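Please read the structure below before turning to the comments.
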Amino acid sequence: MDNKLTHFDNSGNARMVDVGSKVPTERVAIAVSRIKVSEETLELIEKGQVGKGDVLGVARVAGIMASKQTSNLIPMCHPLMISSCNIDFDINKEESYIGIKATVKIVDKTGVEMEALTAAMVTALTIYDMCKAVDKRMVIEGTHLLKKTGGKSGEFNF
């Protein structure tokens, strides 16, 4: 593992990494998160009875939109033309949470880890926003990069 922090120059100043000479490759990043909710909230979400509408449908669209806006939120991220972004949900009734998996793909000169993490996080935040009127004790947790492929650093599996 290369321990050099690439977003700093030799003087310690923040910089955007120059990817101009890199060769475009297929890159995939998968990030996960989960939001713990009350049993009652989970039931309302499943039955489509949350007053603001289809919680998971809106959260999915928010996550996809967020992946495309990452460079506007994270200062050193490059604007990217994302090939695809998928948001999948896993509802766990026993532990009362919604698992979120964001998969982002691209063919480009830099990776999409930040885009996948942003998508997962904004998806969770949107669920929180849509349900906060009925459940203020929701907890977003466990957000992390699950897997990435492509690029100079190769494959990563959490």
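Naming works like this for the structure tokens: A, B, ... for the chains as they're shown, residue 1 at the start of each chain, ligands 1 onward in shown order.
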request  = Using DSSP on the backbone coordinates, identify the residues of range 51-120 of chain A assigned to strand (DSSP E or B); present them as a VMD selection string.
outcome  = chain A and resid 84 to 92 97 to 108
Kindly export the residues of the current selection with N, CA, C and O atoms, as a PDB file, in the first residue's frame.
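As written to disk, selection.pdb reads:
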ATOM      1  N   SER A  84     -22.988   4.252 -14.560  1.00  0.00           N
ATOM      2  CA  SER A  84     -24.205   3.781 -13.902  1.00  0.00           C
ATOM      3  C   SER A  84     -24.077   3.906 -12.395  1.00  0.00           C
ATOM      4  O   SER A  84     -22.978   3.902 -11.850  1.00  0.00           O
ATOM      5  N   CYS A  85     -25.232   4.032 -11.768  1.00  0.00           N
ATOM      6  CA  CYS A  85     -25.322   4.047 -10.307  1.00  0.00           C
ATOM      7  C   CYS A  85     -26.582   3.285  -9.940  1.00  0.00           C
ATOM      8  O   CYS A  85     -27.668   3.614 -10.407  1.00  0.00           O
ATOM      9  N   ASN A  86     -26.414   2.249  -9.129  1.00  0.00           N
ATOM     10  CA  ASN A  86     -27.551   1.466  -8.654  1.00  0.00           C
ATOM     11  C   ASN A  86     -27.596   1.520  -7.130  1.00  0.00           C
ATOM     12  O   ASN A  86     -26.560   1.406  -6.476  1.00  0.00           O
ATOM     13  N   ILE A  87     -28.792   1.664  -6.606  1.00  0.00           N
ATOM     14  CA  ILE A  87     -29.008   1.657  -5.161  1.00  0.00           C
ATOM     15  C   ILE A  87     -29.921   0.477  -4.855  1.00  0.00           C
ATOM     16  O   ILE A  87     -31.025   0.382  -5.394  1.00  0.00           O
ATOM     17  N   ASP A  88     -29.439  -0.416  -3.994  1.00  0.00           N
ATOM     18  CA  ASP A  88     -30.224  -1.580  -3.578  1.00  0.00           C
ATOM     19  C   ASP A  88     -30.485  -1.513  -2.080  1.00  0.00           C
ATOM     20  O   ASP A  88     -29.652  -1.003  -1.316  1.00  0.00           O
ATOM     21  N   PHE A  89     -31.631  -2.053  -1.676  1.00  0.00           N
ATOM     22  CA  PHE A  89     -32.024  -2.051  -0.270  1.00  0.00           C
ATOM     23  C   PHE A  89     -32.172  -3.473   0.243  1.00  0.00           C
ATOM     24  O   PHE A  89     -32.592  -4.368  -0.483  1.00  0.00           O
ATOM     25  N   ASP A  90     -31.843  -3.645   1.509  1.00  0.00           N
ATOM     26  CA  ASP A  90     -32.041  -4.904   2.219  1.00  0.00           C
ATOM     27  C   ASP A  90     -32.773  -4.569   3.516  1.00  0.00           C
ATOM     28  O   ASP A  90     -32.187  -3.950   4.414  1.00  0.00           O
ATOM     29  N   ILE A  91     -34.039  -4.939   3.600  1.00  0.00           N
ATOM     30  CA  ILE A  91     -34.821  -4.648   4.800  1.00  0.00           C
ATOM     31  C   ILE A  91     -34.649  -5.802   5.778  1.00  0.00           C
ATOM     32  O   ILE A  91     -34.946  -6.943   5.464  1.00  0.00           O
ATOM     33  N   ASN A  92     -34.159  -5.480   6.966  1.00  0.00           N
ATOM     34  CA  ASN A  92     -33.943  -6.470   8.015  1.00  0.00           C
ATOM     35  C   ASN A  92     -34.947  -6.212   9.132  1.00  0.00           C
ATOM     36  O   ASN A  92     -34.767  -5.285   9.939  1.00  0.00           O
ATOM     37  N   TYR A  97     -33.617  -2.513  10.522  1.00  0.00           N
ATOM     38  CA  TYR A  97     -32.821  -1.553   9.764  1.00  0.00           C
ATOM     39  C   TYR A  97     -33.021  -1.775   8.280  1.00  0.00           C
ATOM     40  O   TYR A  97     -33.490  -2.819   7.835  1.00  0.00           O
ATOM     41  N   ILE A  98     -32.634  -0.761   7.521  1.00  0.00           N
ATOM     42  CA  ILE A  98     -32.624  -0.831   6.063  1.00  0.00           C
ATOM     43  C   ILE A  98     -31.167  -0.751   5.633  1.00  0.00           C
ATOM     44  O   ILE A  98     -30.481   0.249   5.898  1.00  0.00           O
ATOM     45  N   GLY A  99     -30.690  -1.806   4.998  1.00  0.00           N
ATOM     46  CA  GLY A  99     -29.339  -1.805   4.445  1.00  0.00           C
ATOM     47  C   GLY A  99     -29.354  -1.147   3.081  1.00  0.00           C
ATOM     48  O   GLY A  99     -30.299  -1.300   2.305  1.00  0.00           O
ATOM     49  N   ILE A 100     -28.316  -0.404   2.798  1.00  0.00           N
ATOM     50  CA  ILE A 100     -28.194   0.335   1.542  1.00  0.00           C
ATOM     51  C   ILE A 100     -26.892  -0.084   0.869  1.00  0.00           C
ATOM     52  O   ILE A 100     -25.845  -0.108   1.512  1.00  0.00           O
ATOM     53  N   LYS A 101     -26.979  -0.417  -0.412  1.00  0.00           N
ATOM     54  CA  LYS A 101     -25.780  -0.730  -1.190  1.00  0.00           C
ATOM     55  C   LYS A 101     -25.794   0.124  -2.452  1.00  0.00           C
ATOM     56  O   LYS A 101     -26.726   0.053  -3.243  1.00  0.00           O
ATOM     57  N   ALA A 102     -24.754   0.942  -2.601  1.00  0.00           N
ATOM     58  CA  ALA A 102     -24.620   1.821  -3.770  1.00  0.00           C
ATOM     59  C   ALA A 102     -23.483   1.301  -4.636  1.00  0.00           C
ATOM     60  O   ALA A 102     -22.350   1.178  -4.170  1.00  0.00           O
ATOM     61  N   THR A 103     -23.790   0.997  -5.901  1.00  0.00           N
ATOM     62  CA  THR A 103     -22.787   0.522  -6.848  1.00  0.00           C
ATOM     63  C   THR A 103     -22.650   1.554  -7.956  1.00  0.00           C
ATOM     64  O   THR A 103     -23.630   1.873  -8.633  1.00  0.00           O
ATOM     65  N   VAL A 104     -21.431   2.071  -8.120  1.00  0.00           N
ATOM     66  CA  VAL A 104     -21.178   3.103  -9.120  1.00  0.00           C
ATOM     67  C   VAL A 104     -20.114   2.588 -10.082  1.00  0.00           C
ATOM     68  O   VAL A 104     -19.095   2.044  -9.658  1.00  0.00           O
ATOM     69  N   LYS A 105     -20.358   2.775 -11.393  1.00  0.00           N
ATOM     70  CA  LYS A 105     -19.430   2.317 -12.432  1.00  0.00           C
ATOM     71  C   LYS A 105     -19.041   3.483 -13.339  1.00  0.00           C
ATOM     72  O   LYS A 105     -19.833   4.398 -13.564  1.00  0.00           O
ATOM     73  N   ILE A 106     -17.834   3.338 -13.893  1.00  0.00           N
ATOM     74  CA  ILE A 106     -17.314   4.373 -14.793  1.00  0.00           C
ATOM     75  C   ILE A 106     -16.188   3.777 -15.624  1.00  0.00           C
ATOM     76  O   ILE A 106     -15.561   2.796 -15.230  1.00  0.00           O
ATOM     77  N   VAL A 107     -15.934   4.366 -16.777  1.00  0.00           N
ATOM     78  CA  VAL A 107     -14.702   4.127 -17.523  1.00  0.00           C
ATOM     79  C   VAL A 107     -14.030   5.492 -17.575  1.00  0.00           C
ATOM     80  O   VAL A 107     -14.479   6.398 -18.287  1.00  0.00           O
ATOM     81  N   ASP A 108     -12.973   5.634 -16.783  1.00  0.00           N
ATOM     82  CA  ASP A 108     -12.340   6.952 -16.677  1.00  0.00           C
ATOM     83  C   ASP A 108     -10.939   6.813 -16.087  1.00  0.00           C
ATOM     84  O   ASP A 108     -10.457   5.698 -15.874  1.00  0.00           O
TER      85      ASP A 108
END
Range 28-43 of chain A: which residues within 9 Å, counting only C-alpha atoms, same-chain residues fewer than 5 positions away excluded, as a compact mmCIF listing (two decimals) with N, CA and C atoms, in the first residue's frame?
# COMPACT_ATOMS: atom_id res chain seq x y z
N GLY A 48 -45.85 1.63 2.46
CA GLY A 48 -46.02 2.86 1.69
C GLY A 48 -46.92 3.86 2.37
N GLN A 49 -46.88 3.88 3.71
CA GLN A 49 -47.79 4.75 4.46
C GLN A 49 -47.11 5.95 5.12
N VAL A 50 -45.88 6.26 4.71
CA VAL A 50 -45.22 7.45 5.22
C VAL A 50 -45.80 8.64 4.46
N ASP A 90 -31.84 -3.64 1.51
CA ASP A 90 -32.04 -4.90 2.22
C ASP A 90 -32.77 -4.57 3.52
N ILE A 91 -34.04 -4.94 3.60
CA ILE A 91 -34.82 -4.65 4.80
C ILE A 91 -34.65 -5.80 5.78
N LYS A 93 -36.00 -7.01 9.16
CA LYS A 93 -37.06 -6.83 10.17
C LYS A 93 -36.60 -7.23 11.56
N GLU A 94 -35.75 -8.26 11.66
CA GLU A 94 -35.31 -8.74 12.96
C GLU A 94 -34.53 -7.68 13.72
N GLU A 95 -33.65 -6.96 13.01
CA GLU A 95 -32.83 -5.93 13.66
C GLU A 95 -33.33 -4.52 13.36
N SER A 96 -34.42 -4.42 12.61
CA SER A 96 -35.10 -3.17 12.31
C SER A 96 -34.18 -2.13 11.67
N TYR A 97 -33.62 -2.51 10.52
CA TYR A 97 -32.82 -1.55 9.76
C TYR A 97 -33.02 -1.78 8.28
N ILE A 98 -32.63 -0.76 7.52
CA ILE A 98 -32.62 -0.83 6.06
C ILE A 98 -31.17 -0.75 5.63
N GLY A 99 -30.69 -1.81 5.00
CA GLY A 99 -29.34 -1.80 4.45
C GLY A 99 -29.35 -1.15 3.08
N ILE A 100 -28.32 -0.40 2.80
CA ILE A 100 -28.19 0.34 1.54
C ILE A 100 -26.89 -0.08 0.87
N LYS A 101 -26.98 -0.42 -0.41
CA LYS A 101 -25.78 -0.73 -1.19
C LYS A 101 -25.79 0.12 -2.45
N ALA A 102 -24.75 0.94 -2.60
CA ALA A 102 -24.62 1.82 -3.77
C ALA A 102 -23.48 1.30 -4.64
N THR A 103 -23.79 1.00 -5.90
CA THR A 103 -22.79 0.52 -6.85
C THR A 103 -22.65 1.55 -7.96
N VAL A 104 -21.43 2.07 -8.12
CA VAL A 104 -21.18 3.10 -9.12
C VAL A 104 -20.11 2.59 -10.08
N LYS A 105 -20.36 2.77 -11.39
CA LYS A 105 -19.43 2.32 -12.43
C LYS A 105 -19.04 3.48 -13.34
N ILE A 106 -17.83 3.34 -13.89
CA ILE A 106 -17.31 4.37 -14.79
C ILE A 106 -16.19 3.78 -15.62
N VAL A 107 -15.93 4.37 -16.78
CA VAL A 107 -14.70 4.13 -17.52
C VAL A 107 -14.03 5.49 -17.57
N GLY A 111 -11.04 6.92 -9.83
CA GLY A 111 -12.03 6.01 -9.25
C GLY A 111 -13.32 6.69 -8.82
N VAL A 112 -14.26 5.86 -8.42
CA VAL A 112 -15.59 6.34 -8.03
C VAL A 112 -15.95 5.97 -6.59
N GLU A 113 -14.93 5.79 -5.75
CA GLU A 113 -15.21 5.45 -4.35
C GLU A 113 -16.02 6.54 -3.66
N MET A 114 -15.62 7.79 -3.87
CA MET A 114 -16.33 8.89 -3.20
C MET A 114 -17.76 9.01 -3.71
N GLU A 115 -17.96 8.73 -4.98
CA GLU A 115 -19.32 8.78 -5.54
C GLU A 115 -20.20 7.71 -4.92
N ALA A 116 -19.66 6.50 -4.74
CA ALA A 116 -20.42 5.42 -4.12
C ALA A 116 -20.72 5.73 -2.65
N LEU A 117 -19.73 6.24 -1.93
CA LEU A 117 -19.95 6.60 -0.52
C LEU A 117 -20.97 7.72 -0.39
N THR A 118 -20.88 8.71 -1.26
CA THR A 118 -21.84 9.81 -1.23
C THR A 118 -23.24 9.31 -1.53
N ALA A 119 -23.36 8.43 -2.52
CA ALA A 119 -24.67 7.87 -2.86
C ALA A 119 -25.27 7.11 -1.68
N ALA A 120 -24.48 6.28 -1.02
CA ALA A 120 -24.98 5.50 0.12
C ALA A 120 -25.41 6.43 1.26
N MET A 121 -24.60 7.43 1.53
CA MET A 121 -24.89 8.33 2.65
C MET A 121 -26.12 9.18 2.38
N THR A 123 -28.56 8.51 0.37
CA THR A 123 -29.72 7.62 0.41
C THR A 123 -30.21 7.47 1.83
N ALA A 124 -29.30 7.22 2.76
CA ALA A 124 -29.67 7.08 4.18
C ALA A 124 -30.23 8.39 4.74
N LEU A 125 -29.60 9.49 4.39
CA LEU A 125 -30.09 10.79 4.86
C LEU A 125 -31.49 11.09 4.34
N ILE A 127 -33.81 8.82 3.61
CA ILE A 127 -34.74 8.01 4.41
C ILE A 127 -35.00 8.71 5.74
N TYR A 128 -33.93 9.20 6.36
CA TYR A 128 -34.10 9.92 7.63
C TYR A 128 -35.04 11.12 7.44
N CYS A 131 -38.70 10.26 7.07
CA CYS A 131 -39.34 9.57 8.20
C CYS A 131 -39.18 10.30 9.53
N VAL A 134 -42.03 10.82 12.14
CA VAL A 134 -42.56 9.71 12.94
C VAL A 134 -41.48 9.00 13.77
N ASP A 135 -40.19 9.29 13.49
CA ASP A 135 -39.12 8.56 14.19
C ASP A 135 -37.85 9.41 14.21
N LYS A 136 -37.63 10.10 15.32
CA LYS A 136 -36.44 10.94 15.44
C LYS A 136 -35.26 10.18 16.03
N ARG A 137 -35.43 8.91 16.35
CA ARG A 137 -34.35 8.11 16.93
C ARG A 137 -33.63 7.24 15.89
N MET A 138 -33.83 7.52 14.63
CA MET A 138 -33.14 6.75 13.59
C MET A 138 -31.63 6.98 13.70
N VAL A 139 -30.85 5.95 13.37
CA VAL A 139 -29.40 6.04 13.44
C VAL A 139 -28.81 5.55 12.13
N ILE A 140 -28.00 6.39 11.51
CA ILE A 140 -27.27 6.00 10.30
C ILE A 140 -25.92 5.47 10.77
N GLU A 141 -25.55 4.28 10.28
CA GLU A 141 -24.31 3.67 10.77
C GLU A 141 -23.67 2.79 9.71
N GLY A 142 -22.42 2.49 9.95
CA GLY A 142 -21.71 1.50 9.15
C GLY A 142 -21.39 1.90 7.73
N THR A 143 -21.39 3.18 7.41
CA THR A 143 -21.09 3.59 6.04
C THR A 143 -19.62 3.34 5.74
N HIS A 144 -19.37 2.57 4.69
CA HIS A 144 -17.98 2.29 4.31
C HIS A 144 -17.90 1.74 2.89
N LEU A 145 -16.69 1.79 2.34
CA LEU A 145 -16.42 1.20 1.04
C LEU A 145 -16.39 -0.31 1.20
N LEU A 146 -17.19 -1.01 0.45
CA LEU A 146 -17.24 -2.47 0.51
C LEU A 146 -16.27 -3.09 -0.48
N LYS A 147 -16.21 -2.51 -1.69
CA LYS A 147 -15.37 -3.08 -2.73
C LYS A 147 -15.07 -2.02 -3.78
N LYS A 148 -13.89 -2.15 -4.39
CA LYS A 148 -13.58 -1.32 -5.56
C LYS A 148 -12.68 -2.13 -6.48
N THR A 149 -12.86 -1.91 -7.77
CA THR A 149 -12.04 -2.56 -8.77
C THR A 149 -11.57 -1.51 -9.77
N GLY A 150 -10.46 -1.82 -10.44
CA GLY A 150 -9.93 -0.94 -11.47
C GLY A 150 -8.91 0.03 -10.95
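What separates CA of Arg27 in chain A from CA of Lys152 in chain A is a distance of 10.4 Å.
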Shell around Pro75 in chain A at 12 Å using only C-alpha atoms, local window under 6 positions removed, as a PDB file with C-alpha atoms, in the first residue's frame:
ATOM      1  CA  HIS A   7      -4.127  15.430  -2.201  1.00  0.00           C
ATOM      2  CA  ALA A  14      -3.996  20.868  -0.689  1.00  0.00           C
ATOM      3  CA  ARG A  15      -4.194  20.056  -4.385  1.00  0.00           C
ATOM      4  CA  MET A  16      -6.329  18.243  -6.907  1.00  0.00           C
ATOM      5  CA  VAL A  17      -4.510  15.184  -8.250  1.00  0.00           C
ATOM      6  CA  GLN A  69     -22.910  15.729  -7.616  1.00  0.00           C
ATOM      7  CA  MET A 114     -16.331   8.886  -3.203  1.00  0.00           C
TER       8      MET A 114
END
Enumerate the residues of chain A with a DSSP assignment of helix (DSSP H, G or I), computed from the backbone, and present them as an MDAnalysis selection string.
chainID A and resid 39:47 55:68 70:73 113:131
Store the residues picked out above, limited to C-alpha atoms, as a short mmCIF file (atom, residue, chain, number, x, y, z; two decimals), in the first residue's frame.
data_model
loop_
_atom_site.label_atom_id
_atom_site.label_comp_id
_atom_site.auth_asym_id
_atom_site.auth_seq_id
_atom_site.Cartn_x
_atom_site.Cartn_y
_atom_site.Cartn_z
CA GLU A 39 -40.29 -1.37 13.98
CA GLU A 40 -43.26 0.94 13.44
CA THR A 41 -41.31 3.10 10.99
CA LEU A 42 -40.11 0.06 9.07
CA GLU A 43 -43.70 -1.14 8.77
CA LEU A 44 -44.86 2.27 7.51
CA ILE A 45 -42.08 2.28 4.90
CA GLU A 46 -42.92 -1.23 3.70
CA LYS A 47 -46.63 -0.46 3.46
CA VAL A 55 -39.54 6.49 0.93
CA LEU A 56 -37.27 3.97 -0.77
CA GLY A 57 -38.10 5.19 -4.27
CA VAL A 58 -37.29 8.78 -3.40
CA ALA A 59 -34.17 7.73 -1.46
CA ARG A 60 -32.94 5.72 -4.46
CA VAL A 61 -33.30 8.72 -6.77
CA ALA A 62 -31.58 10.97 -4.19
CA GLY A 63 -28.64 8.56 -3.96
CA ILE A 64 -28.24 8.41 -7.72
CA MET A 65 -28.43 12.20 -7.99
CA ALA A 66 -25.89 12.57 -5.16
CA SER A 67 -23.39 10.29 -6.89
CA LYS A 68 -23.43 12.68 -9.85
CA THR A 70 -19.99 14.44 -5.55
CA SER A 71 -17.44 16.83 -7.07
CA ASN A 72 -19.66 19.73 -5.96
CA LEU A 73 -19.54 18.48 -2.35
CA GLU A 113 -15.21 5.45 -4.35
CA MET A 114 -16.33 8.89 -3.20
CA GLU A 115 -19.32 8.78 -5.54
CA ALA A 116 -20.42 5.42 -4.12
CA LEU A 117 -19.95 6.60 -0.52
CA THR A 118 -21.84 9.81 -1.23
CA ALA A 119 -24.67 7.87 -2.86
CA ALA A 120 -24.98 5.50 0.12
CA MET A 121 -24.89 8.33 2.65
CA VAL A 122 -27.39 10.58 0.86
CA THR A 123 -29.72 7.62 0.41
CA ALA A 124 -29.67 7.08 4.18
CA LEU A 125 -30.09 10.79 4.86
CA THR A 126 -33.10 10.90 2.55
CA ILE A 127 -34.74 8.01 4.41
CA TYR A 128 -34.10 9.92 7.63
CA ASP A 129 -35.58 13.12 6.18
CA MET A 130 -38.69 11.39 4.91
CA CYS A 131 -39.34 9.57 8.20
#
